[in-house]
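Here's the structure, in structure tokens; my notes come after.
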Amino acid sequence: MTTYLLAGGGTAGHVNPLLAVADALRARDPEAEVLVLGTREGLEARLVPERGYELLFVDKVPFPRRPNRAAAAFPARFPRAISQVRGHIAQRGVDVLVGFGGYASAPAYIAARRENVPFVVHEANARPGLANVLGARRAAGVGVAFAGTPLKRSKVVGMPLRREIVSLDRDALREEAAAYFGLDPARPVLLVFGGSLGAQRLNAAFGEGHGEGWRAVVDAGWQLLHVTGERSELVDPGAAGYVVRRYVDRMDLAFSLADFIVSRAGSATVSEISALGIPTAYVPYAVGNGEQALNASSAVRAGAAILIPDAEFTGDRVRSEIVPLLADEARRAAMTAAAASVGTRTGTQNVVAMIDDALRA
């Protein structure tokens, strides 16, 4: 029996690909032991047990980025975290470790090396996190979601995706999706969303009382499905062909209905949209170190998407750039075809193959 230890967490961007790989390993061999390493503070503390996996804990020890109290404690706390992981590896007889970044991964890579256990690194973002930069140096295999990600000895394997995305038949679900959202399946649909919390910039550009870009979309003969985020206070004008939802728990249906998308450019969002071959305008979140723009860059280079800077995205920009693109059927068809060169639905299988190679080495 093989024992796998999957390390990562903190955010959905780390937890979701981890769970996709865990599900694939368990489905392939129900007798295998699939364990997850995470912190008590991250999303994994809730999501991993909910999916039925045992979660082993390690202390959350951020790398110091400025001189403060946490930095002063780091020299004592980080070795303790490594020791915790070494204990888990030895006690559970771990055969291979897979790291997805985040606080749990950095001590896990060092612990695995000291215990002579092979480990694999997967990086979901085009700009890698520090834990994976360090881990890639000694990993048995390094996989990245996006071409051009600067990690040593890496290869593009794509993103491990949710099962409902991997198996999604958009054409077969279009009628059901239209009924679910109260839209006409025979008319094209623009899907606008900004992630689970929404995106104020997108809401302002499209929403009632702000940029009112929705009017131009509807006047162009398109329907608009606008997912605003749970905290949004955007007013629903109740207009025909314009559906406003705070939250959608069936994104598979939203994607099935989408003929074009306007969205943020988180790594999972870009990977799912590219895998499904939907032409998109990305409006990267401007806060951070620019990783969202980098996530979208391979799709933009391939011609599958366009990128509009956050500060420039207004109702006027919707009317001057998005609406003409919606009217250009030939260009949208070319964008759809281009998505096939950057998107993949086999990210999970590709990571599992890397794990198998590490075990055989």
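Numbering starts fresh at 1 for the residues of each chain in the structure tokens, the chains themselves are lettered A, B, ... in the order given, and ligands are numbered from 1 as they appear.
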
For the structure I just gave you, how does DSSP split stretch 193-262 of chain A - specifically, which residues are strand (DSSP E)? Reply as an NGL selection string. :A and (193 or 223-227 or 242-245 or 260-262)

Kindly save the residues from that selection, with N, CA and C atoms included, as a PDB file, in the first residue's frame.
ATOM      1  N   PHE A 193     -17.861  37.668 -13.852  1.00  0.00           N
ATOM      2  CA  PHE A 193     -17.700  37.306 -12.444  1.00  0.00           C
ATOM      3  C   PHE A 193     -16.301  37.677 -11.969  1.00  0.00           C
ATOM      4  N   GLN A 223     -27.291  38.418 -23.866  1.00  0.00           N
ATOM      5  CA  GLN A 223     -27.764  38.334 -22.497  1.00  0.00           C
ATOM      6  C   GLN A 223     -26.548  38.427 -21.566  1.00  0.00           C
ATOM      7  N   LEU A 224     -26.799  38.852 -20.331  1.00  0.00           N
ATOM      8  CA  LEU A 224     -25.701  39.043 -19.386  1.00  0.00           C
ATOM      9  C   LEU A 224     -26.014  38.318 -18.078  1.00  0.00           C
ATOM     10  N   LEU A 225     -25.119  37.406 -17.692  1.00  0.00           N
ATOM     11  CA  LEU A 225     -25.173  36.747 -16.394  1.00  0.00           C
ATOM     12  C   LEU A 225     -24.065  37.335 -15.540  1.00  0.00           C
ATOM     13  N   HIS A 226     -24.446  38.108 -14.534  1.00  0.00           N
ATOM     14  CA  HIS A 226     -23.506  38.899 -13.738  1.00  0.00           C
ATOM     15  C   HIS A 226     -23.476  38.362 -12.308  1.00  0.00           C
ATOM     16  N   VAL A 227     -22.348  37.723 -11.952  1.00  0.00           N
ATOM     17  CA  VAL A 227     -22.164  37.206 -10.597  1.00  0.00           C
ATOM     18  C   VAL A 227     -21.368  38.257  -9.826  1.00  0.00           C
ATOM     19  N   TYR A 242     -30.849  40.424 -18.385  1.00  0.00           N
ATOM     20  CA  TYR A 242     -29.764  40.760 -17.458  1.00  0.00           C
ATOM     21  C   TYR A 242     -30.054  40.085 -16.120  1.00  0.00           C
ATOM     22  N   VAL A 243     -29.299  39.041 -15.798  1.00  0.00           N
ATOM     23  CA  VAL A 243     -29.493  38.282 -14.567  1.00  0.00           C
ATOM     24  C   VAL A 243     -28.369  38.609 -13.600  1.00  0.00           C
ATOM     25  N   VAL A 244     -28.736  39.060 -12.411  1.00  0.00           N
ATOM     26  CA  VAL A 244     -27.762  39.387 -11.361  1.00  0.00           C
ATOM     27  C   VAL A 244     -27.855  38.343 -10.262  1.00  0.00           C
ATOM     28  N   ARG A 245     -26.726  37.723  -9.937  1.00  0.00           N
ATOM     29  CA  ARG A 245     -26.655  36.766  -8.832  1.00  0.00           C
ATOM     30  C   ARG A 245     -25.511  37.159  -7.906  1.00  0.00           C
ATOM     31  N   PHE A 260     -18.955  34.193 -23.967  1.00  0.00           N
ATOM     32  CA  PHE A 260     -17.811  35.070 -23.738  1.00  0.00           C
ATOM     33  C   PHE A 260     -17.799  35.372 -22.241  1.00  0.00           C
ATOM     34  N   ILE A 261     -16.604  35.647 -21.710  1.00  0.00           N
ATOM     35  CA  ILE A 261     -16.464  35.879 -20.267  1.00  0.00           C
ATOM     36  C   ILE A 261     -15.661  37.145 -20.022  1.00  0.00           C
ATOM     37  N   VAL A 262     -16.036  37.884 -18.997  1.00  0.00           N
ATOM     38  CA  VAL A 262     -15.204  38.946 -18.434  1.00  0.00           C
ATOM     39  C   VAL A 262     -14.966  38.573 -16.978  1.00  0.00           C
TER      40      VAL A 262
END

Would you mind listing what lies within 10 Å of stretch 312-321 of chain A as a PDB file with N, CA and C atoms, in the first residue's frame, with only C-alpha atoms counted and same-chain residues fewer than 5 positions away left out?
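File result01.pdb, as written:
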ATOM      1  N   ARG A 201     -14.574  46.552  -9.370  1.00  0.00           N
ATOM      2  CA  ARG A 201     -14.332  47.215 -10.655  1.00  0.00           C
ATOM      3  C   ARG A 201     -15.279  46.671 -11.726  1.00  0.00           C
ATOM      4  N   LEU A 202     -15.469  45.364 -11.771  1.00  0.00           N
ATOM      5  CA  LEU A 202     -16.371  44.783 -12.762  1.00  0.00           C
ATOM      6  C   LEU A 202     -17.821  45.181 -12.469  1.00  0.00           C
ATOM      7  N   ASN A 203     -18.184  45.155 -11.197  1.00  0.00           N
ATOM      8  CA  ASN A 203     -19.552  45.532 -10.824  1.00  0.00           C
ATOM      9  C   ASN A 203     -19.851  46.980 -11.190  1.00  0.00           C
ATOM     10  N   ALA A 204     -18.863  47.847 -10.983  1.00  0.00           N
ATOM     11  CA  ALA A 204     -19.067  49.266 -11.293  1.00  0.00           C
ATOM     12  C   ALA A 204     -19.198  49.491 -12.794  1.00  0.00           C
ATOM     13  N   ALA A 205     -18.458  48.742 -13.583  1.00  0.00           N
ATOM     14  CA  ALA A 205     -18.490  48.929 -15.040  1.00  0.00           C
ATOM     15  C   ALA A 205     -19.790  48.433 -15.657  1.00  0.00           C
ATOM     16  N   PHE A 206     -20.340  47.358 -15.104  1.00  0.00           N
ATOM     17  CA  PHE A 206     -21.541  46.762 -15.690  1.00  0.00           C
ATOM     18  C   PHE A 206     -22.836  47.143 -14.974  1.00  0.00           C
ATOM     19  N   GLY A 207     -22.738  47.494 -13.692  1.00  0.00           N
ATOM     20  CA  GLY A 207     -23.927  47.533 -12.864  1.00  0.00           C
ATOM     21  C   GLY A 207     -24.788  48.773 -12.989  1.00  0.00           C
ATOM     22  N   HIS A 210     -23.996  52.740 -12.127  1.00  0.00           N
ATOM     23  CA  HIS A 210     -22.543  52.956 -12.219  1.00  0.00           C
ATOM     24  C   HIS A 210     -22.189  53.121 -13.697  1.00  0.00           C
ATOM     25  N   GLY A 211     -21.382  52.216 -14.211  1.00  0.00           N
ATOM     26  CA  GLY A 211     -21.017  52.309 -15.623  1.00  0.00           C
ATOM     27  C   GLY A 211     -22.141  51.894 -16.551  1.00  0.00           C
ATOM     28  N   GLU A 212     -23.057  51.058 -16.010  1.00  0.00           N
ATOM     29  CA  GLU A 212     -24.217  50.574 -16.773  1.00  0.00           C
ATOM     30  C   GLU A 212     -23.825  49.959 -18.107  1.00  0.00           C
ATOM     31  N   GLY A 213     -22.702  49.249 -18.103  1.00  0.00           N
ATOM     32  CA  GLY A 213     -22.306  48.537 -19.314  1.00  0.00           C
ATOM     33  C   GLY A 213     -23.300  47.468 -19.714  1.00  0.00           C
ATOM     34  N   TRP A 214     -24.110  47.011 -18.762  1.00  0.00           N
ATOM     35  CA  TRP A 214     -25.091  45.970 -19.077  1.00  0.00           C
ATOM     36  C   TRP A 214     -26.055  46.423 -20.161  1.00  0.00           C
ATOM     37  N   ARG A 215     -26.386  47.709 -20.186  1.00  0.00           N
ATOM     38  CA  ARG A 215     -27.330  48.192 -21.201  1.00  0.00           C
ATOM     39  C   ARG A 215     -26.773  48.000 -22.608  1.00  0.00           C
ATOM     40  N   ALA A 216     -25.489  48.315 -22.772  1.00  0.00           N
ATOM     41  CA  ALA A 216     -24.872  48.167 -24.093  1.00  0.00           C
ATOM     42  C   ALA A 216     -24.806  46.700 -24.501  1.00  0.00           C
ATOM     43  N   VAL A 217     -24.572  45.815 -23.542  1.00  0.00           N
ATOM     44  CA  VAL A 217     -24.525  44.376 -23.827  1.00  0.00           C
ATOM     45  C   VAL A 217     -25.892  43.889 -24.284  1.00  0.00           C
ATOM     46  N   ALA A 220     -26.955  45.090 -27.634  1.00  0.00           N
ATOM     47  CA  ALA A 220     -26.239  44.429 -28.728  1.00  0.00           C
ATOM     48  C   ALA A 220     -26.813  43.053 -29.044  1.00  0.00           C
ATOM     49  N   VAL A 262     -16.036  37.884 -18.997  1.00  0.00           N
ATOM     50  CA  VAL A 262     -15.204  38.946 -18.434  1.00  0.00           C
ATOM     51  C   VAL A 262     -14.966  38.573 -16.978  1.00  0.00           C
ATOM     52  N   ALA A 281     -12.156  38.192 -21.672  1.00  0.00           N
ATOM     53  CA  ALA A 281     -11.443  39.432 -21.369  1.00  0.00           C
ATOM     54  C   ALA A 281     -11.087  39.387 -19.893  1.00  0.00           C
ATOM     55  N   VAL A 283      -9.508  40.993 -16.490  1.00  0.00           N
ATOM     56  CA  VAL A 283      -9.246  42.267 -15.824  1.00  0.00           C
ATOM     57  C   VAL A 283      -8.515  41.922 -14.531  1.00  0.00           C
ATOM     58  N   LEU A 326     -18.054  41.336 -28.919  1.00  0.00           N
ATOM     59  CA  LEU A 326     -19.209  40.441 -28.904  1.00  0.00           C
ATOM     60  C   LEU A 326     -19.871  40.368 -30.274  1.00  0.00           C
TER      61      LEU A 326
END

Computed interatomic separation between atom CA of A:Leu161 and atom CA of A:Glu272 (Å):
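That distance, rounded to one decimal, is 7.0 Å.
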
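Minimum distance to A:Gln349 across A:Leu276, A:Val21, A:Leu183, A:Ala258 (counting only C-alpha atoms) occurs at A:Val21.
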
Compile the contact shell of A:Tyr109 as a PyMOL selection string: residues with an atom at most 12 Å away, counting only C-alpha atoms, same-chain residues fewer than 5 positions apart removed. chain A and resi 5-8+37+81-83+85-86+89+96-104+114-121+131-140

Could you tell me how far atom CA of A:Gly347 sits from atom CA of A:Arg250, in Å to one decimal place?
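Atom CA of A:Gly347 lies 21.5 Å from atom CA of A:Arg250.
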
Could you find all residues in stretch 70-316 of chain A that DSSP calls helix (DSSP H, G or I) from the backbone, and write them as a ChimeraX atom specification? /A:70-92,105-114,130-135,163-166,170-181,200-206,213-219,251-257,267-276,291-302,310-312,315-316

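Computed from the coordinates, the atom CA of A:Ala286 to atom CA of A:Ser263 distance equals 13.0 Å.
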
Exercise. Rank nothing, just name the residue among A:Met251, A:Val342, A:Leu257, A:Val48 nearest to A:Arg301, using only C-alpha atoms.
Key: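 Result for the nearest residue to A:Arg301: A:Val342.
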
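You can rank A:Pro62, A:Pro160, A:Pro75, A:Gly277 by their closest distance to A:Val15 using only C-alpha atoms, and at the top of that list sits A:Pro160.
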
Excluding same-chain residues fewer than 6 positions from A:Ala186, what lies within 12 Å of it counting only C-alpha atoms, as JSON, numbers by chain?
{"A": [171, 174, 175, 177, 178, 179, 221, 222, 223, 257, 258, 259]}

Residue subset to file, keeping C-alpha atoms, as a compact mmCIF listing (two decimals), in the first residue's frame:
# COMPACT_ATOMS: atom_id res chain seq x y z
CA ASP A 171 -23.35 21.85 -25.23
CA ARG A 174 -26.84 24.53 -22.21
CA GLU A 175 -30.62 23.99 -22.08
CA ALA A 177 -28.18 26.01 -17.64
CA ALA A 178 -30.47 28.47 -19.40
CA ALA A 179 -33.46 27.23 -17.43
CA GLY A 221 -28.52 41.39 -28.62
CA TRP A 222 -26.62 39.53 -25.90
CA GLN A 223 -27.76 38.33 -22.50
CA LEU A 257 -24.02 29.04 -20.88
CA ALA A 258 -21.09 31.42 -21.44
CA ASP A 259 -20.22 32.41 -25.01

message: At a cut-off of 12 Å, using only C-alpha atoms, what residues contact A:Val287? Leave out same-chain residues fewer than 6 positions from it and give the result as a PyMOL selection string.
response: chain A and resi 199+264+293+309-311

| request: Find the residue from A:Ala32, A:Val248, A:Leu253, A:Leu19 that sits nearest to A:Glu44; use only C-alpha atoms when measuring. | output: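 Checking each candidate against A:Glu44, we get A:Leu19 as the closest.
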